[in-house]
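Engineer: input.pdb is reproduced in full below (PDB, C-alpha atoms).
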```
ATOM      1  CA  MET A   1      -0.090   3.698 -10.480
ATOM      2  CA  THR A   2       2.772   4.883  -8.269
ATOM      3  CA  ASP A   3       2.172   8.512  -9.310
ATOM      4  CA  TYR A   4      -1.538   8.179  -8.507
ATOM      5  CA  LEU A   5      -0.687   6.841  -5.030
ATOM      6  CA  HIS A   6       1.707   9.734  -4.389
ATOM      7  CA  ASP A   7      -0.962  12.262  -5.334
ATOM      8  CA  ASN A   8      -4.065  10.674  -3.781
ATOM      9  CA  VAL A   9      -3.242   8.308  -0.911
ATOM     10  CA  SER A  10      -1.696   9.077   2.474
ATOM     11  CA  PHE A  11      -1.712   7.249   5.783
ATOM     12  CA  ASN A  12      -1.030   8.145   9.377
ATOM     13  CA  GLN A  13      -1.836   5.556  12.070
ATOM     14  CA  SER A  14      -1.140   5.381  15.780
ATOM     15  CA  VAL A  15      -1.503   2.650  18.388
ATOM     16  CA  GLY A  16      -1.036   2.367  22.124
ATOM     17  CA  VAL A  17      -1.161   4.874  24.976
ATOM     18  CA  GLU A  18       1.039   7.979  24.800
ATOM     19  CA  ASN A  19       3.815   8.122  27.422
ATOM     20  CA  LEU A  20       3.432   4.379  28.035
ATOM     21  CA  MET A  21       3.637   2.227  24.894
ATOM     22  CA  TYR A  22       2.898   4.250  21.800
ATOM     23  CA  ALA A  23       3.713   4.218  18.096
ATOM     24  CA  GLN A  24       2.755   6.615  15.347
ATOM     25  CA  VAL A  25       3.392   5.417  11.791
ATOM     26  CA  SER A  26       3.079   7.643   8.740
ATOM     27  CA  VAL A  27       3.723   6.721   5.118
ATOM     28  CA  THR A  28       6.146   9.004   3.312
ATOM     29  CA  ASP A  29       6.516   7.198  -0.018
ATOM     30  CA  LEU A  30       4.616   4.460  -1.873
ATOM     31  CA  ALA A  31       5.724   2.474  -4.933
ATOM     32  CA  VAL A  32       4.040  -0.351  -6.839
ATOM     33  CA  LYS A  33       5.854  -3.147  -8.630
ATOM     34  CA  ILE A  34       3.827  -5.537 -10.764
ATOM     35  CA  GLY A  35       4.180  -9.320 -10.565
ATOM     36  CA  ARG A  36       7.196  -9.266  -8.273
ATOM     37  CA  SER A  37       6.098 -11.487  -5.378
ATOM     38  CA  ASP A  38       3.817 -13.890  -7.260
ATOM     39  CA  ALA A  39       2.661 -14.017 -10.862
ATOM     40  CA  ASP A  40      -0.821 -12.639 -10.063
ATOM     41  CA  ARG A  41       0.119 -10.173  -7.316
ATOM     42  CA  VAL A  42       1.515  -6.674  -7.143
ATOM     43  CA  ALA A  43       4.068  -5.597  -4.564
ATOM     44  CA  VAL A  44       3.507  -2.312  -2.750
ATOM     45  CA  PHE A  45       6.526  -0.766  -1.072
ATOM     46  CA  ALA A  46       6.058   1.934   1.535
ATOM     47  CA  ASN A  47       8.706   4.042   3.188
ATOM     48  CA  THR A  48       7.410   5.085   6.572
ATOM     49  CA  VAL A  49       8.455   7.010   9.619
ATOM     50  CA  ALA A  50       7.538   5.531  13.002
ATOM     51  CA  ASN A  51       7.821   7.415  16.258
ATOM     52  CA  VAL A  52       7.951   4.841  19.057
ATOM     53  CA  GLN A  53       7.911   5.219  22.817
ATOM     54  CA  LEU A  54       8.278   2.304  25.214
ATOM     55  CA  PHE A  55       7.573   3.137  28.866
ATOM     56  CA  ASP A  56       9.856   5.898  30.178
ATOM     57  CA  SER A  57      12.519   5.606  27.475
ATOM     58  CA  PRO A  58      12.946   8.511  25.057
ATOM     59  CA  LYS A  59      11.000   8.446  21.802
ATOM     60  CA  GLN A  60      12.709   6.640  18.971
ATOM     61  CA  ARG A  61      12.344   7.593  15.329
ATOM     62  CA  LEU A  62      12.484   4.627  12.971
ATOM     63  CA  ASP A  63      12.660   4.723   9.178
ATOM     64  CA  LEU A  64      10.732   1.618   8.176
ATOM     65  CA  ASP A  65      10.534  -0.151   4.845
ATOM     66  CA  LEU A  66       7.257  -2.015   4.386
ATOM     67  CA  GLU A  67       6.398  -4.503   1.689
ATOM     68  CA  PHE A  68       2.846  -5.611   1.032
ATOM     69  CA  SER A  69       1.608  -7.849  -1.745
ATOM     70  CA  ALA A  70      -1.912  -7.801  -3.124
ATOM     71  CA  VAL A  71      -4.151  -8.908  -5.966
ATOM     72  CA  PRO A  72      -5.347  -5.979  -8.094
ATOM     73  CA  HIS A  73      -9.065  -5.772  -8.867
ATOM     74  CA  TYR A  74     -10.534  -3.475 -11.499
ATOM     75  CA  ASP A  75     -14.018  -2.056 -10.906
ATOM     76  CA  ALA A  76     -15.329  -1.580 -14.440
ATOM     77  CA  LYS A  77     -18.213   0.677 -13.352
ATOM     78  CA  THR A  78     -16.023   3.272 -11.620
ATOM     79  CA  GLY A  79     -12.787   2.752 -13.571
ATOM     80  CA  GLU A  80     -10.877   2.223 -10.312
ATOM     81  CA  VAL A  81      -8.215  -0.316  -9.392
ATOM     82  CA  PHE A  82      -8.352  -1.677  -5.834
ATOM     83  CA  LEU A  83      -6.012  -4.008  -3.984
ATOM     84  CA  GLN A  84      -7.444  -7.193  -2.472
ATOM     85  CA  SER A  85      -5.995 -10.029  -0.376
ATOM     86  CA  ILE A  86      -3.301  -7.757   1.023
ATOM     87  CA  ARG A  87      -0.425  -9.498   2.803
ATOM     88  CA  LEU A  88       2.285  -7.864   4.851
ATOM     89  CA  GLU A  89       5.393  -9.525   3.439
ATOM     90  CA  GLN A  90       8.018  -7.807   5.572
ATOM     91  CA  PHE A  91       8.935  -4.701   7.489
ATOM     92  CA  THR A  92      12.432  -3.680   8.436
ATOM     93  CA  GLU A  93      14.414  -0.628   9.441
ATOM     94  CA  ASN A  94      16.984   0.113   6.743
ATOM     95  CA  GLY A  95      17.031  -3.587   5.794
ATOM     96  CA  THR A  96      17.534  -4.770   9.392
ATOM     97  CA  PRO A  97      14.859  -6.770  11.250
ATOM     98  CA  LEU A  98      13.216  -4.920  14.137
ATOM     99  CA  PRO A  99      13.548  -5.971  17.794
ATOM    100  CA  ALA A 100      10.603  -8.187  18.826
ATOM    101  CA  ASP A 101       9.084  -5.698  21.336
ATOM    102  CA  ILE A 102       9.046  -2.851  18.812
ATOM    103  CA  LYS A 103       7.753  -5.149  16.072
ATOM    104  CA  ARG A 104       4.806  -6.228  18.280
ATOM    105  CA  LEU A 105       3.960  -2.603  19.057
ATOM    106  CA  ILE A 106       4.174  -1.344  15.466
ATOM    107  CA  LYS A 107       2.537  -4.287  13.670
ATOM    108  CA  PRO A 108      -1.106  -3.197  14.349
ATOM    109  CA  ALA A 109      -0.435   0.262  12.868
ATOM    110  CA  VAL A 110       1.305  -1.299   9.877
ATOM    111  CA  SER A 111      -1.647  -3.670   9.413
ATOM    112  CA  MET A 112      -4.002  -0.675   9.421
ATOM    113  CA  ILE A 113      -1.979   0.827   6.573
ATOM    114  CA  GLY A 114      -2.506  -2.414   4.641
ATOM    115  CA  TYR A 115      -6.225  -2.254   5.407
ATOM    116  CA  GLY A 116      -6.304   1.367   4.240
ATOM    117  CA  LEU A 117      -4.685   0.367   0.958
ATOM    118  CA  SER A 118      -7.551  -2.070   0.371
ATOM    119  CA  GLN A 119     -10.214   0.599   0.985
ATOM    120  CA  LYS A 120      -8.982   3.314  -1.367
ATOM    121  CA  PRO A 121      -8.414   2.983  -5.101
ATOM    122  CA  VAL A 122      -4.762   2.788  -6.061
ATOM    123  CA  TYR A 123      -5.613   4.076  -9.523
ATOM    124  CA  LYS A 124      -8.606   5.610 -11.247
ATOM    125  CA  LEU A 125      -9.057   6.073 -14.971
ATOM    126  CA  ASP A 126      -9.460   9.771 -15.723
ATOM    127  CA  SER A 127     -12.621  10.372 -17.748
ATOM    128  CA  HIS A 128     -11.178  13.740 -18.872
ATOM    129  CA  VAL A 129      -8.364  11.976 -20.744
ATOM    130  CA  LEU A 130      -9.743  10.629 -24.026
ATOM    131  CA  GLN A 131      -7.777   7.357 -24.056
ATOM    132  CA  GLU A 132      -8.675   6.545 -20.441
ATOM    133  CA  ALA A 133     -12.338   7.478 -21.020
ATOM    134  CA  LEU A 134     -12.477   5.076 -23.978
ATOM    135  CA  ILE A 135     -10.896   2.288 -21.937
ATOM    136  CA  LYS A 136     -13.334   2.893 -19.079
ATOM    137  CA  SER A 137     -16.351   2.798 -21.394
ATOM    138  CA  ALA A 138     -15.250  -0.592 -22.780
ATOM    139  CA  GLU A 139     -15.417  -2.143 -19.250
ATOM    140  CA  PRO A 140     -12.207  -4.165 -19.697
ATOM    141  CA  ASN A 141     -10.609  -6.866 -17.540
ATOM    142  CA  LEU A 142      -7.374  -6.240 -15.656
ATOM    143  CA  VAL A 143      -4.682  -8.944 -15.594
ATOM    144  CA  ILE A 144      -1.004  -9.245 -14.802
ATOM    145  CA  ARG A 145       1.091 -10.574 -17.649
ATOM    146  CA  ASP A 146       4.898 -10.536 -17.961
ATOM    147  CA  ASN A 147       5.274  -8.260 -14.918
ATOM    148  CA  LYS A 148       2.886  -5.691 -16.420
ATOM    149  CA  LEU A 149      -0.640  -4.658 -15.554
ATOM    150  CA  VAL A 150      -2.613  -5.289 -18.752
ATOM    151  CA  ILE A 151      -6.083  -4.060 -19.592
ATOM    152  CA  GLU A 152      -7.875  -6.673 -21.713
ATOM    153  CA  LEU A 153     -10.659  -5.212 -23.800
ATOM    154  CA  PHE A 154     -11.917  -8.614 -24.978
ATOM    155  CA  ASP A 155     -12.215 -11.965 -23.166
TER     156      ASP A 155
END
```
Please express the file's structure as structure tokens.
Structural biologist:
Amino acid sequence: MTDYLHDNVSFNQSVGVENLMYAQVSVTDLAVKIGRSDADRVAVFANTVANVQLFDSPKQRLDLDLEFSAVPHYDAKTGEVFLQSIRLEQFTENGTPLPADIKRLIKPAVSMIGYGLSQKPVYKLDSHVLQEALIKSAEPNLVIRDNKLVIELFD
């Protein structure tokens, strides 16, 4: 799933008014960990770069670490996995909490990244790969079990 995200999903969001209060947030790296936050949720980690400007101060470049959690949903007709019920769990700069004014400015852009994750598939079975085509044709269920994403072919 992480490889699919690297190859197929990118985000770049901005909020505010340039030269006044402005932030541009772009995702540089995404990783998925199964069953880490709750038993039925996946954790999505995103390394991002944020360029922030507050009033007349010089632009600041922040390296942010975002953590979202979500419930995976498998669409049997398309063979795609989507994320639902996305929650922003935390965002920090190199493990350090952000100052409140910067956090308030950046949070809408970060939330838009979470929304974007819910609108695009995070994985799609490849119908050109025999094993994945067979799985897709069986219209399986997707569950999380023992920190693994499991495709159940039978109820």
Engineer: For Ser85 of chain A, please output as a compact mmCIF listing (two decimals) with C-alpha atoms, in the coordinates of the input all residues within 9 Å (counting all atoms listed in the file; exclusion window: fewer than 5 positions along the same chain).
Structural biologist:
```
# COMPACT_ATOMS: atom_id res chain seq x y z
CA SER A 69 1.61 -7.85 -1.74
CA ALA A 70 -1.91 -7.80 -3.12
CA VAL A 71 -4.15 -8.91 -5.97
CA PRO A 72 -5.35 -5.98 -8.09
CA SER A 118 -7.55 -2.07 0.37
```
Engineer: Taking 6 positions as the minimum chain separation for residues in the same chain, which residues sit within 10 Å of Ser57 of chain A when counting only C-alpha atoms? Answer as a tab-separated table (two decimals) with C-alpha atoms, in the frame of the given file.
Structural biologist:
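Produced file result11.tsv, reproduced below:
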```tsv
chain	number	residue	atom	x	y	z
A	19	ASN	CA	3.82	8.12	27.42
A	20	LEU	CA	3.43	4.38	28.04
A	21	MET	CA	3.64	2.23	24.89
```
Engineer: What's the separation between atom CA of Gly95 of chain A and atom CA of Thr28 of chain A, in Å to one decimal place?
Structural biologist: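 Going from atom CA of Gly95 of chain A over to atom CA of Thr28 of chain A covers 16.8 Å.
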Engineer: Please write as a PyMOL selection string the full residue list that the PyMOL selection byres ((chain A and resi 22) around 9) yields on this file.
Structural biologist: chain A and resi 14-21+23-24+51-55+105-106
Engineer: Assuming the chain letters and numbering stay as they are in my file, what does the PyMOL selection byres ((chain A and resi 67) around 8) actually select? List them as a ChimeraX atom specification.
Structural biologist: /A:43-46,65-66,68-69,88-91
Engineer: In Å to one decimal, how far is atom CA of Thr48 of chain A from atom CA of Asp29 of chain A?
Structural biologist: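 Rounded to one decimal, the two atoms are 7.0 Å apart.
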Engineer: Grab the atom CA of Asn12 of chain A to atom CA of Lys120 of chain A distance for me, in Å with one decimal place.
Structural biologist: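 Separation between atom CA of Asn12 of chain A and atom CA of Lys120 of chain A: 14.2 Å.
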Engineer: For Val42 of chain A, which of A:Ala76, A:Ala100, A:Val27, A:Val122 is the closest residue, counting only C-alpha atoms?
Structural biologist: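 Result for the nearest residue to Val42 of chain A: A:Val122.
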Engineer: A:Asp101, A:Arg87, A:Lys107, A:His128: which is nearest Asp38 of chain A, counting all atoms listed in the file?
Structural biologist: A:Arg87
Engineer: If you apply the PyMOL selection byres ((chain A and resi 49) around 6) to this file, what residues do you get, as a PyMOL selection string?
Structural biologist: chain A and resi 25-26+48+50+62-63
Engineer: Can you list, as an mmCIF file with C-alpha atoms, in the frame of the given file, every protein, DNA or RNA residue that comes within 6 Å of Leu64 of chain A when you count all atoms listed in the file, leaving out same-chain residues fewer than 3 positions away?
Structural biologist:
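Generated file (selection34.cif):
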```cif
data_model
loop_
_atom_site.group_PDB
_atom_site.id
_atom_site.type_symbol
_atom_site.label_atom_id
_atom_site.label_comp_id
_atom_site.auth_asym_id
_atom_site.auth_seq_id
_atom_site.Cartn_x
_atom_site.Cartn_y
_atom_site.Cartn_z
ATOM 1 C CA ASN A 47 8.706 4.042 3.188
ATOM 2 C CA THR A 48 7.410 5.085 6.572
ATOM 3 C CA THR A 92 12.432 -3.680 8.436
ATOM 4 C CA GLU A 93 14.414 -0.628 9.441
#
```
Engineer: Need the shell around Gly79 of chain A: protein/DNA/RNA residues with any atom at most 7 Å away, counting all atoms listed in the file. Skip same-chain ones fewer than 3 positions apart. Format as JSON, numbers by chain?
Structural biologist: {"A": [74, 75, 76, 124, 125, 136]}
